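Have a look at the structure below, then the notes.
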Amino acid sequence: MSTPAPLPKVGSRGSALRSTIAASGSTLGLGLLAILVALILTSPVIIIAGASPIDAYANFFLVPLSSQFRLLEVLVAATPLILTGIAVAVAFRGGYWNIGAEGQLLLGAIAATGVGISIPADWPPIVVVPLMILAGALAGAAWALVPALLRTRLGIDEVVTTLLLNPVALLFVKALVQGPWRDPGGITESPPIVEAGHLPQLMDKSRLHLGFLLALVLLVIAWWVLSRTGIGLRIRAVGLAPHAARFAGIRVERTLLGVALASGAIAGIAGVSEVAGIQFRLTSGISAGYGYTGIVVAMLGGLSMPGVLLSALFLGDLRVGTNKAESALDIPSQIGAVVQGVILLCVVGLLAIRRWRISRSDRPADEAEPPAEDERHLENAPA
Amino acid sequence: MGSATPGADGLPAVRLTGITKRFGDLVANDGVDLDVGRGEVHALLGENGAGKTTLMRILYGLTSADAGAVEVDGRPVTIRSPKDAIAAGIGMVTQHFSLVRPMTVAENLALGRARGARLDLEAARRHAREASERYGIAVDPDARVGDLSVGEQQRVEILKALARDCRVLILDEPTAVLVPQEVDALFATLRRLIADGLAIVFISHKLGEVRAISHRVSVLRRGVLVGTAPGDTDEKELARMMVGRPTFGVSRPDPIAHAADEPAVLQVTGLSAAGAHGLPAVRDVSIAVRAGEIVGIAGVSGNGQTELVEVLTGMRRPTAGSATVGGTPIAGASPAAVMAAGLGRIPEDRHASLVLDLPVELNLVMERIADFTGPGGLDHAAIRRNAVELIARFRIKARPEDRVGTLSGGNIQKVLLARVLAREPRAIVIAQPTRGLDVGASEYVRGEILARRAAGAAILLVSEDLDELLTLSDRVVVLYEGRVVGEMPSEKADPERLGLLMAGREVAA
Ligand SMILES: Nc1ncnc2c1ncn2[C@@H]1O[C@H](COP(=O)(O)OP(=O)(O)OP(=O)(O)O)[C@@H](O)[C@H]1O
Ligand SMILES: [Mg+2]
């Protein structure tokens, strides 16, 4: 940053697609359309796998809703997705492209386990649970810190750095469960956490736990902050038009840093929720790609909090459904991941098309053009 | 120019009938009838938000009309997209260009003509050469568009339309971004185009230009076409048609007497700054603006004005020198610190200064979010009150909840003005205050600037409009290649002398 001029426009490195995403707004209709297109596109895959798409989709989406137990399982599956969905949506709204929720979640899980296996067994839950949540949030935020600093201080693209840290976090988990935290029982997982660290069950005969309520509370808080507070307004302004935000006196770098850390903390809490609500120990399979699915959740939900809730429930439904379909129809459960991936591509594709149509049919036309001036500043921004 | 000559065969090149367009409950075009003859320049006048751009976007297929019909050469056509418009021989140059900046001029032209995947670069180059000879449109076909000046880019846009064999050319405020010499060149080109039988729609807020180039003038007021008059109708009459009442110019009241040793409110000392490519753009500039004084900066665009304004507004770091407002250093400070020192900032690029995707009311409080935040979060009631008040006071044609991006060009400008002037800053830096504003709004804005001056604000005014500069400023400073090459009281500044200084031909003491 020794170059005196121009000021690094860290926040303004937006490509057209990025500004499209940050401005995606409410997209319920768009989400439904994306889902429909994705289902049509994945049908051939299901046929190749040897099943009828209609049967498969009935299993994916309807069977999980057919009993109370299964319904509650959908909520269990949706819990980490709501949390990672919030994490990603908050970051994207601020124009911070956090692709690292997966790694931040794993760090949250590690921290929660660390607290859970080392704390005296006679401490009460009212102390242990908040401690674990706090530790998980801090660990998630800490994992998000380096990419955030690289972005805000040096202008290094966070998409790459946050993504690259995900496998590193997984290696970290594996090293722990195979090394220092290896359960004396011999399996590669940590010893169980103390009883007092278990998140209370919300209902009998269901795995649904306090993490779900926690996720809902965080969802409401995130919604309130984004839409009703000055901080939220700053975040939105930075995400939509970093140059204009900076011009209006908003500290763009600070806002981005805050958004990145909050996002990491929420993802970390998702890890806590899985350790303390479901597995009660650390395993290398603690996250079934929840951090990545969070990106789908956020995009499908149009980066709005009600949208995040709906799409997390939908994808939770899909997750439970694909597990069921595996035994019922003998098709691999990875098909679920394929459907998810195609949905994401469809959402992004439709957003781009919609934006393009808006720019053609509506005003302002210039928005559709990538801000060429800013792009030039990027080239000159001190690296 | 003389009287109308709409087409040798009496048929207009385009005829719009009963065009109506609503945005929610706002009627942007209300049953508009308009025809443009071959070989005619037809000017479209109207206040900001009158519906000029909307009407032309409909003709070019960028927006669809709710009702109405379009005829080209007497045949009805349906225009659903720019593709249809191009096929019908209609071309449009919008205020924000749609060129691919990293590509060369020829590549851009070839892209515009591309059928399928083939790019015929040789043909594009040939076309560019032919057009430059035939119509006097001078551009280097091998230059990178990103390196061209705004005026040159505009020529590329015109070439692009011509390359698609357009017979009707729409120009939306083409002169707003041009310096006077470029305007002359554009008009010369337009004259050759109409001699070739093209029909041209010309939108501008500058009545002098409209009179100079157009055969007929149509005036829109609140979406309604109030009349079509001959091109040589006098300016007062045109202004009256636009606003529905006579207009008056503003004039600068008597200067405020200053003691020789009175300290300046805005003091710039030895300021230097680098431009986009790291080259020096502002060189050792010193300017002092005292309370109740307007200092105008004259200069051909690209002589350091933009960078100077960027430094003063907190958006660019200087390489040397200092600037203070009321004694507080602001050079190199953050925008927030600059505002806290009491400087109001209105740079020339309003689009980049506002969050277009957020509503008017939020943009109006963006500089002081904290003032509108209570214990329960944002005080939406106060934000709304603030917006309602400023919209009324600055006559912004918008509702508080409208996204700024949907406003007409002039109204976007007013949002920024309102945001800044409402805070009653002690010093103001303002660039191109009336660019894109209609006659009434320009008058209003100039009045506001003078009102701030009367209230004791120190104002640094950058404008390419020399008349405006000389009317408003107490003193004029001329910038050439980033340096101050002359300074004089406005009474002593005649346009000729300024012109020489601005061209770097003379260095005044
Ligand atoms: N996409 C849109 N959504 C909502 N309102 C719109 C949209 N486009 C235009 N308007 C409104 O329609 C009206 C006419 O706008 P238009 O851009 O045609 O004005 P104009 O005559 O070109 O003004 P200016 O001289 O300021 O450019 C304005 O009030 C504007 O806010
Ligand atoms: Mg317009």
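Residue names in the structure tokens use chain letters A, B, ... in the order shown, residue numbers from 1 in each chain, and ligand numbers from 1 in the order shown.
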Next on the checklist: What residues of the protein or nucleic acid chains come within 7 Å of ligand 1 when you use only C-alpha atoms and all ligand atoms? Reply as a VMD selection string.
Outcome noted: (chain A and resid 362 to 363) or (chain B and resid 23 26 28 46 to 55 397 to 398 406 to 411 436 to 438)
Next on the checklist: Quick check: residues of chain B within 8 Å of chain A, only C-alpha atoms, returned as a ChimeraX atom specification.
Outcome noted: /B:61-64,96-98,101,273-278,313-319,334-337,339,352-358,366-367,369-370,372-373,376-378,405-406
Checklist entry - Would you give me, as a VMD selection string, the residues in range 27-266 of chain B that DSSP reads as strand (DSSP E)? => result chain B and resid 27 to 37 41 to 46 67 to 72 75 to 77 90 to 93 168 to 172 199 to 203 216 to 221 224 to 230 266
Next on the checklist: I'd like the contact shell of Gly294 in chain A - 7 Å cut-off, only C-alpha atoms, skipping same-chain residues fewer than 3 positions apart - returned as a list in words.
Outcome noted: Leu81, Thr84, Gly85, Val88, Tyr290, Gly291, Val297 and Ala298 of chain A
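CA of Asn363 in chain B sits 27.3 Å away from CA of Val243 in chain B.
Residue nearest ligand 2 within the list B:Asp172, B:Asp84, B:Asp140, B:Asp284: B:Asp172 [criterion: smallest interatomic distance, only C-alpha atoms and all ligand atoms].
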Next on the checklist: One decimal, in Å: what's the spacing between CA of Val415 in chain B and CA of Glu389 in chain B?
Outcome noted: 12.0 Å
Checklist outcome for this item: Restricting to only C-alpha atoms and all ligand atoms, whichever of B:Arg57, B:Arg134, B:Arg475, B:Arg426 is closest to ligand 2 is B:Arg57
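Around Val150 in chain B, within 12 Å and counting only C-alpha atoms, the residues found are Gln95, His96, Phe97, Leu99, Arg101, Val156, Glu157, Pro174, Thr175, Ala176, Val177, Leu178, Val179, Glu182, Val183, Ser301 and Gly302 of chain B, once anything fewer than 6 positions away on its own chain is removed.
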Item to check | Neighbour list for Pro44 in chain A as a VMD selection string, cut-off 12 Å, only C-alpha atoms, skip fewer than 4 positions in-chain | outcome: chain A and resid 38 to 40 48 to 54 56 335 338 to 339
What does the file look like for those residues with C-alpha atoms, as an mmCIF file, in the first residue's frame?
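And here's result.cif as it stands now:
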```cif
data_model
loop_
_atom_site.group_PDB
_atom_site.id
_atom_site.type_symbol
_atom_site.label_atom_id
_atom_site.label_comp_id
_atom_site.auth_asym_id
_atom_site.auth_seq_id
_atom_site.Cartn_x
_atom_site.Cartn_y
_atom_site.Cartn_z
ATOM 1 C CA ALA A 38 -32.648 -28.574 -12.476
ATOM 2 C CA LEU A 39 -35.041 -31.476 -12.071
ATOM 3 C CA ILE A 40 -35.525 -31.717 -15.805
ATOM 4 C CA ILE A 48 -28.840 -43.822 -16.494
ATOM 5 C CA ALA A 49 -28.675 -44.809 -12.828
ATOM 6 C CA GLY A 50 -31.539 -47.151 -13.591
ATOM 7 C CA ALA A 51 -34.606 -45.515 -12.054
ATOM 8 C CA SER A 52 -37.561 -43.539 -13.260
ATOM 9 C CA PRO A 53 -37.194 -39.813 -12.560
ATOM 10 C CA ILE A 54 -40.784 -39.576 -11.337
ATOM 11 C CA ALA A 56 -36.902 -40.797 -7.767
ATOM 12 C CA ILE A 335 -27.633 -38.093 -7.099
ATOM 13 C CA VAL A 338 -25.919 -33.748 -8.428
ATOM 14 C CA VAL A 339 -29.397 -32.243 -8.120
#
```
Next on the checklist: If we count only C-alpha atoms and set the cut-off at 9 Å, which residues sit around Pro495 in chain B, ignoring sequence neighbours fewer than 4 positions away in its own chain? Please answer as a list in words.
Outcome noted: Leu466, Asp467, Leu470, Gly499 and Leu500 of chain B
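Taking CA of Glu468 in chain B as the reference point, CA of Gly244 in chain B is found at 23.4 Å.
Closest to ligand 2 among B:Ile449, B:Leu44, B:Val485, B:Ala422 is B:Leu44, based on only C-alpha atoms and all ligand atoms.
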Within 12 Å of Leu75 in chain A using only C-alpha atoms, minus same-chain residues under 4 positions, as an mmCIF file with all heavy atoms, in the first residue's frame:
```
data_model
loop_
_atom_site.group_PDB
_atom_site.id
_atom_site.type_symbol
_atom_site.label_atom_id
_atom_site.label_comp_id
_atom_site.auth_asym_id
_atom_site.auth_seq_id
_atom_site.Cartn_x
_atom_site.Cartn_y
_atom_site.Cartn_z
ATOM 1 N N PRO A 64 -40.094 -37.951 2.359
ATOM 2 C CA PRO A 64 -39.651 -37.405 3.651
ATOM 3 C C PRO A 64 -40.748 -36.644 4.381
ATOM 4 O O PRO A 64 -40.657 -36.439 5.586
ATOM 5 C CB PRO A 64 -38.521 -36.452 3.259
ATOM 6 C CG PRO A 64 -38.061 -36.926 1.932
ATOM 7 C CD PRO A 64 -39.250 -37.497 1.253
ATOM 8 N N LEU A 65 -41.777 -36.220 3.650
ATOM 9 C CA LEU A 65 -42.822 -35.430 4.303
ATOM 10 C C LEU A 65 -43.969 -36.313 4.762
ATOM 11 O O LEU A 65 -44.977 -35.828 5.253
ATOM 12 C CB LEU A 65 -43.360 -34.375 3.331
ATOM 13 C CG LEU A 65 -42.294 -33.504 2.657
ATOM 14 C CD1 LEU A 65 -42.930 -32.524 1.689
ATOM 15 C CD2 LEU A 65 -41.500 -32.747 3.720
ATOM 16 N N GLN A 68 -44.367 -38.067 10.670
ATOM 17 C CA GLN A 68 -43.861 -37.048 11.584
ATOM 18 C C GLN A 68 -42.376 -37.235 11.844
ATOM 19 O O GLN A 68 -41.610 -36.285 11.852
ATOM 20 C CB GLN A 68 -44.633 -37.104 12.899
ATOM 21 C CG GLN A 68 -44.417 -35.848 13.717
ATOM 22 C CD GLN A 68 -44.762 -36.028 15.185
ATOM 23 O OE1 GLN A 68 -45.384 -36.997 15.576
ATOM 24 N NE2 GLN A 68 -44.351 -35.081 15.988
ATOM 25 N N PHE A 69 -41.973 -38.526 11.989
ATOM 26 C CA PHE A 69 -40.570 -38.776 12.260
ATOM 27 C C PHE A 69 -39.710 -38.243 11.122
ATOM 28 O O PHE A 69 -38.720 -37.549 11.335
ATOM 29 C CB PHE A 69 -40.316 -40.279 12.445
ATOM 30 C CG PHE A 69 -38.859 -40.609 12.520
ATOM 31 C CD1 PHE A 69 -38.139 -40.359 13.692
ATOM 32 C CD2 PHE A 69 -38.185 -41.109 11.416
ATOM 33 C CE1 PHE A 69 -36.781 -40.633 13.755
ATOM 34 C CE2 PHE A 69 -36.824 -41.386 11.474
ATOM 35 C CZ PHE A 69 -36.124 -41.151 12.644
ATOM 36 N N ARG A 70 -40.126 -38.587 9.890
ATOM 37 C CA ARG A 70 -39.339 -38.148 8.741
ATOM 38 C C ARG A 70 -39.318 -36.628 8.627
ATOM 39 O O ARG A 70 -38.303 -36.023 8.301
ATOM 40 C CB ARG A 70 -39.894 -38.752 7.457
ATOM 41 C CG ARG A 70 -39.567 -40.232 7.366
ATOM 42 C CD ARG A 70 -40.211 -40.800 6.133
ATOM 43 N NE ARG A 70 -40.025 -42.237 6.094
ATOM 44 C CZ ARG A 70 -40.837 -43.071 5.461
ATOM 45 N NH1 ARG A 70 -41.882 -42.591 4.815
ATOM 46 N NH2 ARG A 70 -40.597 -44.348 5.465
ATOM 47 N N LEU A 71 -40.455 -36.033 8.910
ATOM 48 C CA LEU A 71 -40.543 -34.575 8.862
ATOM 49 C C LEU A 71 -39.535 -33.942 9.822
ATOM 50 O O LEU A 71 -38.832 -32.990 9.486
ATOM 51 C CB LEU A 71 -41.962 -34.163 9.256
ATOM 52 C CG LEU A 71 -42.518 -32.917 8.573
ATOM 53 C CD1 LEU A 71 -42.571 -33.129 7.074
ATOM 54 C CD2 LEU A 71 -43.913 -32.622 9.117
ATOM 55 N N THR A 79 -31.011 -28.086 9.789
ATOM 56 C CA THR A 79 -30.376 -27.242 10.799
ATOM 57 C C THR A 79 -28.994 -26.702 10.366
ATOM 58 O O THR A 79 -28.793 -25.488 10.347
ATOM 59 C CB THR A 79 -30.280 -27.991 12.138
ATOM 60 O OG1 THR A 79 -31.608 -28.326 12.552
ATOM 61 C CG2 THR A 79 -29.611 -27.143 13.197
ATOM 62 N N PRO A 80 -28.040 -27.582 9.993
ATOM 63 C CA PRO A 80 -26.743 -27.012 9.588
ATOM 64 C C PRO A 80 -26.860 -26.174 8.312
ATOM 65 O O PRO A 80 -26.093 -25.218 8.123
ATOM 66 C CB PRO A 80 -25.867 -28.247 9.358
ATOM 67 C CG PRO A 80 -26.820 -29.359 9.104
ATOM 68 C CD PRO A 80 -28.048 -29.046 9.923
ATOM 69 N N LEU A 81 -27.839 -26.531 7.475
ATOM 70 C CA LEU A 81 -27.979 -25.785 6.216
ATOM 71 C C LEU A 81 -28.514 -24.378 6.451
ATOM 72 O O LEU A 81 -28.124 -23.429 5.772
ATOM 73 C CB LEU A 81 -28.899 -26.541 5.253
ATOM 74 C CG LEU A 81 -28.441 -27.954 4.889
ATOM 75 C CD1 LEU A 81 -29.371 -28.562 3.855
ATOM 76 C CD2 LEU A 81 -27.007 -27.930 4.376
ATOM 77 N N ILE A 82 -29.418 -24.246 7.429
ATOM 78 C CA ILE A 82 -29.887 -22.892 7.759
ATOM 79 C C ILE A 82 -28.689 -22.057 8.208
ATOM 80 O O ILE A 82 -28.482 -20.932 7.753
ATOM 81 C CB ILE A 82 -30.952 -22.923 8.880
ATOM 82 C CG1 ILE A 82 -32.181 -23.716 8.421
ATOM 83 C CG2 ILE A 82 -31.351 -21.502 9.273
ATOM 84 C CD1 ILE A 82 -33.224 -23.912 9.518
ATOM 85 N N LEU A 202 -35.413 -31.551 21.444
ATOM 86 C CA LEU A 202 -36.622 -30.733 21.521
ATOM 87 C C LEU A 202 -37.868 -31.599 21.671
ATOM 88 O O LEU A 202 -38.901 -31.146 22.131
ATOM 89 C CB LEU A 202 -36.762 -29.861 20.282
ATOM 90 C CG LEU A 202 -35.649 -28.831 20.077
ATOM 91 C CD1 LEU A 202 -35.909 -28.027 18.824
ATOM 92 C CD2 LEU A 202 -35.550 -27.903 21.287
ATOM 93 N N SER A 206 -37.019 -38.164 18.617
ATOM 94 C CA SER A 206 -36.544 -37.474 17.420
ATOM 95 C C SER A 206 -35.176 -36.929 17.740
ATOM 96 O O SER A 206 -34.851 -36.648 18.896
ATOM 97 C CB SER A 206 -37.477 -36.320 17.059
ATOM 98 O OG SER A 206 -36.788 -35.399 16.248
ATOM 99 N N ARG A 207 -34.356 -36.804 16.696
ATOM 100 C CA ARG A 207 -33.025 -36.257 16.932
ATOM 101 C C ARG A 207 -33.040 -34.727 16.930
ATOM 102 O O ARG A 207 -32.002 -34.092 17.074
ATOM 103 C CB ARG A 207 -32.062 -36.737 15.840
ATOM 104 C CG ARG A 207 -31.892 -38.259 15.822
ATOM 105 C CD ARG A 207 -30.697 -38.626 14.997
ATOM 106 N NE ARG A 207 -30.881 -38.269 13.594
ATOM 107 C CZ ARG A 207 -29.886 -38.145 12.720
ATOM 108 N NH1 ARG A 207 -28.645 -38.293 13.102
ATOM 109 N NH2 ARG A 207 -30.137 -37.846 11.468
ATOM 110 N N LEU A 208 -34.222 -34.135 16.703
ATOM 111 C CA LEU A 208 -34.286 -32.671 16.612
ATOM 112 C C LEU A 208 -33.789 -32.044 17.916
ATOM 113 O O LEU A 208 -34.246 -32.395 18.999
ATOM 114 C CB LEU A 208 -35.721 -32.216 16.333
ATOM 115 C CG LEU A 208 -35.853 -30.746 15.938
ATOM 116 C CD1 LEU A 208 -35.142 -30.487 14.618
ATOM 117 C CD2 LEU A 208 -37.303 -30.328 15.857
ATOM 118 N N HIS A 209 -32.848 -31.125 17.804
ATOM 119 C CA HIS A 209 -32.194 -30.598 18.997
ATOM 120 C C HIS A 209 -32.204 -29.077 19.019
ATOM 121 O O HIS A 209 -32.655 -28.423 18.066
ATOM 122 C CB HIS A 209 -30.750 -31.114 19.063
ATOM 123 C CG HIS A 209 -29.968 -30.798 17.818
ATOM 124 N ND1 HIS A 209 -29.272 -29.640 17.645
ATOM 125 C CD2 HIS A 209 -29.814 -31.516 16.673
ATOM 126 C CE1 HIS A 209 -28.707 -29.641 16.456
ATOM 127 N NE2 HIS A 209 -29.016 -30.762 15.839
ATOM 128 N N LEU A 210 -31.679 -28.555 20.108
ATOM 129 C CA LEU A 210 -31.692 -27.112 20.341
ATOM 130 C C LEU A 210 -31.046 -26.327 19.191
ATOM 131 O O LEU A 210 -31.387 -25.172 18.947
ATOM 132 C CB LEU A 210 -30.944 -26.818 21.642
ATOM 133 C CG LEU A 210 -31.063 -25.387 22.162
ATOM 134 C CD1 LEU A 210 -32.475 -25.106 22.619
ATOM 135 C CD2 LEU A 210 -30.079 -25.153 23.304
ATOM 136 N N GLY A 211 -30.116 -26.981 18.472
ATOM 137 C CA GLY A 211 -29.443 -26.308 17.359
ATOM 138 C C GLY A 211 -30.421 -25.739 16.354
ATOM 139 O O GLY A 211 -30.175 -24.677 15.766
ATOM 140 N N PHE A 212 -31.546 -26.424 16.175
ATOM 141 C CA PHE A 212 -32.546 -25.936 15.224
ATOM 142 C C PHE A 212 -33.112 -24.590 15.679
ATOM 143 O O PHE A 212 -33.197 -23.639 14.900
ATOM 144 C CB PHE A 212 -33.662 -26.974 15.073
ATOM 145 C CG PHE A 212 -34.746 -26.568 14.123
ATOM 146 C CD1 PHE A 212 -34.488 -26.445 12.762
ATOM 147 C CD2 PHE A 212 -36.026 -26.281 14.582
ATOM 148 C CE1 PHE A 212 -35.486 -26.063 11.874
ATOM 149 C CE2 PHE A 212 -37.025 -25.889 13.699
ATOM 150 C CZ PHE A 212 -36.759 -25.785 12.356
ATOM 151 N N LEU A 213 -33.459 -24.525 16.973
ATOM 152 C CA LEU A 213 -33.982 -23.248 17.492
ATOM 153 C C LEU A 213 -32.927 -22.149 17.401
ATOM 154 O O LEU A 213 -33.212 -21.008 17.030
ATOM 155 C CB LEU A 213 -34.413 -23.411 18.955
ATOM 156 C CG LEU A 213 -35.730 -24.135 19.184
ATOM 157 C CD1 LEU A 213 -36.135 -24.016 20.654
ATOM 158 C CD2 LEU A 213 -36.823 -23.544 18.290
ATOM 159 N N ALA A 215 -30.607 -21.941 15.265
ATOM 160 C CA ALA A 215 -30.518 -21.514 13.868
ATOM 161 C C ALA A 215 -31.625 -20.518 13.543
ATOM 162 O O ALA A 215 -31.392 -19.495 12.889
ATOM 163 C CB ALA A 215 -30.594 -22.726 12.939
ATOM 164 N N LEU A 216 -32.842 -20.798 14.042
ATOM 165 C CA LEU A 216 -33.956 -19.886 13.765
ATOM 166 C C LEU A 216 -33.721 -18.525 14.411
ATOM 167 O O LEU A 216 -33.986 -17.481 13.809
ATOM 168 C CB LEU A 216 -35.277 -20.482 14.270
ATOM 169 C CG LEU A 216 -35.776 -21.733 13.543
ATOM 170 C CD1 LEU A 216 -37.166 -22.114 14.050
ATOM 171 C CD2 LEU A 216 -35.806 -21.520 12.037
ATOM 172 N N LEU A 309 -34.335 -19.806 4.837
ATOM 173 C CA LEU A 309 -35.098 -20.795 5.602
ATOM 174 C C LEU A 309 -35.798 -21.775 4.660
ATOM 175 O O LEU A 309 -35.679 -22.986 4.797
ATOM 176 C CB LEU A 309 -36.122 -20.083 6.500
ATOM 177 C CG LEU A 309 -36.977 -21.018 7.355
ATOM 178 C CD1 LEU A 309 -36.110 -21.803 8.307
ATOM 179 C CD2 LEU A 309 -38.029 -20.228 8.120
ATOM 180 N N LEU A 310 -36.501 -21.219 3.679
ATOM 181 C CA LEU A 310 -37.240 -22.083 2.747
ATOM 182 C C LEU A 310 -36.304 -23.022 2.006
ATOM 183 O O LEU A 310 -36.560 -24.220 1.903
ATOM 184 C CB LEU A 310 -38.008 -21.217 1.728
ATOM 185 C CG LEU A 310 -39.281 -20.562 2.237
ATOM 186 C CD1 LEU A 310 -39.913 -19.731 1.121
ATOM 187 C CD2 LEU A 310 -40.263 -21.614 2.738
ATOM 188 N N SER A 311 -35.206 -22.486 1.495
ATOM 189 C CA SER A 311 -34.372 -23.362 0.677
ATOM 190 C C SER A 311 -33.606 -24.354 1.542
ATOM 191 O O SER A 311 -33.335 -25.467 1.100
ATOM 192 C CB SER A 311 -33.444 -22.554 -0.239
ATOM 193 O OG SER A 311 -32.723 -21.627 0.498
ATOM 194 N N ALA A 312 -33.284 -23.994 2.797
ATOM 195 C CA ALA A 312 -32.632 -24.969 3.681
ATOM 196 C C ALA A 312 -33.597 -26.116 3.964
ATOM 197 O O ALA A 312 -33.210 -27.286 3.971
ATOM 198 C CB ALA A 312 -32.188 -24.301 4.975
ATOM 199 N N LEU A 313 -34.864 -25.793 4.179
ATOM 200 C CA LEU A 313 -35.852 -26.850 4.417
ATOM 201 C C LEU A 313 -35.976 -27.726 3.177
ATOM 202 O O LEU A 313 -36.029 -28.953 3.258
ATOM 203 C CB LEU A 313 -37.212 -26.235 4.781
ATOM 204 C CG LEU A 313 -37.268 -25.558 6.152
ATOM 205 C CD1 LEU A 313 -38.599 -24.834 6.347
ATOM 206 C CD2 LEU A 313 -37.045 -26.571 7.273
ATOM 207 N N PHE A 314 -35.993 -27.091 2.019
ATOM 208 C CA PHE A 314 -36.122 -27.841 0.774
ATOM 209 C C PHE A 314 -34.931 -28.784 0.580
ATOM 210 O O PHE A 314 -35.095 -29.960 0.266
ATOM 211 C CB PHE A 314 -36.232 -26.853 -0.393
ATOM 212 C CG PHE A 314 -36.172 -27.504 -1.735
ATOM 213 C CD1 PHE A 314 -37.286 -28.153 -2.260
ATOM 214 C CD2 PHE A 314 -35.004 -27.471 -2.482
ATOM 215 C CE1 PHE A 314 -37.223 -28.764 -3.495
ATOM 216 C CE2 PHE A 314 -34.944 -28.078 -3.721
ATOM 217 C CZ PHE A 314 -36.054 -28.734 -4.230
ATOM 218 N N LEU A 315 -33.726 -28.258 0.795
ATOM 219 C CA LEU A 315 -32.553 -29.100 0.581
ATOM 220 C C LEU A 315 -32.405 -30.144 1.688
ATOM 221 O O LEU A 315 -31.865 -31.219 1.459
ATOM 222 C CB LEU A 315 -31.299 -28.235 0.459
ATOM 223 C CG LEU A 315 -31.279 -27.369 -0.823
ATOM 224 C CD1 LEU A 315 -30.067 -26.461 -0.841
ATOM 225 C CD2 LEU A 315 -31.301 -28.242 -2.066
ATOM 226 N N GLY A 316 -32.918 -29.832 2.898
ATOM 227 C CA GLY A 316 -32.946 -30.833 3.965
ATOM 228 C C GLY A 316 -33.859 -31.983 3.560
ATOM 229 O O GLY A 316 -33.531 -33.166 3.728
ATOM 230 N N ASP A 317 -34.983 -31.618 2.991
ATOM 231 C CA ASP A 317 -35.932 -32.589 2.463
ATOM 232 C C ASP A 317 -35.232 -33.475 1.425
ATOM 233 O O ASP A 317 -35.329 -34.706 1.464
ATOM 234 C CB ASP A 317 -37.091 -31.795 1.828
ATOM 235 C CG ASP A 317 -38.163 -32.692 1.250
ATOM 236 O OD1 ASP A 317 -38.420 -33.761 1.838
ATOM 237 O OD2 ASP A 317 -38.744 -32.325 0.222
ATOM 238 N N LEU A 318 -34.513 -32.842 0.511
ATOM 239 C CA LEU A 318 -33.803 -33.585 -0.526
ATOM 240 C C LEU A 318 -32.780 -34.541 0.085
ATOM 241 O O LEU A 318 -32.632 -35.681 -0.341
ATOM 242 C CB LEU A 318 -33.122 -32.597 -1.475
ATOM 243 C CG LEU A 318 -32.253 -33.195 -2.577
ATOM 244 C CD1 LEU A 318 -33.098 -33.978 -3.561
ATOM 245 C CD2 LEU A 318 -31.489 -32.096 -3.310
ATOM 246 N N ARG A 319 -32.084 -34.064 1.125
ATOM 247 C CA ARG A 319 -31.039 -34.876 1.729
ATOM 248 C C ARG A 319 -31.642 -36.135 2.375
ATOM 249 O O ARG A 319 -31.162 -37.241 2.166
ATOM 250 C CB ARG A 319 -30.275 -34.058 2.778
ATOM 251 C CG ARG A 319 -29.081 -34.781 3.368
ATOM 252 C CD ARG A 319 -28.212 -33.811 4.131
ATOM 253 N NE ARG A 319 -27.531 -32.882 3.234
ATOM 254 C CZ ARG A 319 -26.266 -33.023 2.845
ATOM 255 N NH1 ARG A 319 -25.568 -34.038 3.254
ATOM 256 N NH2 ARG A 319 -25.715 -32.156 2.052
ATOM 257 N N VAL A 320 -32.718 -35.914 3.131
ATOM 258 C CA VAL A 320 -33.384 -37.076 3.737
ATOM 259 C C VAL A 320 -33.917 -37.979 2.634
ATOM 260 O O VAL A 320 -33.782 -39.209 2.685
ATOM 261 C CB VAL A 320 -34.526 -36.615 4.670
ATOM 262 C CG1 VAL A 320 -35.322 -37.808 5.186
ATOM 263 C CG2 VAL A 320 -33.952 -35.809 5.830
#
```
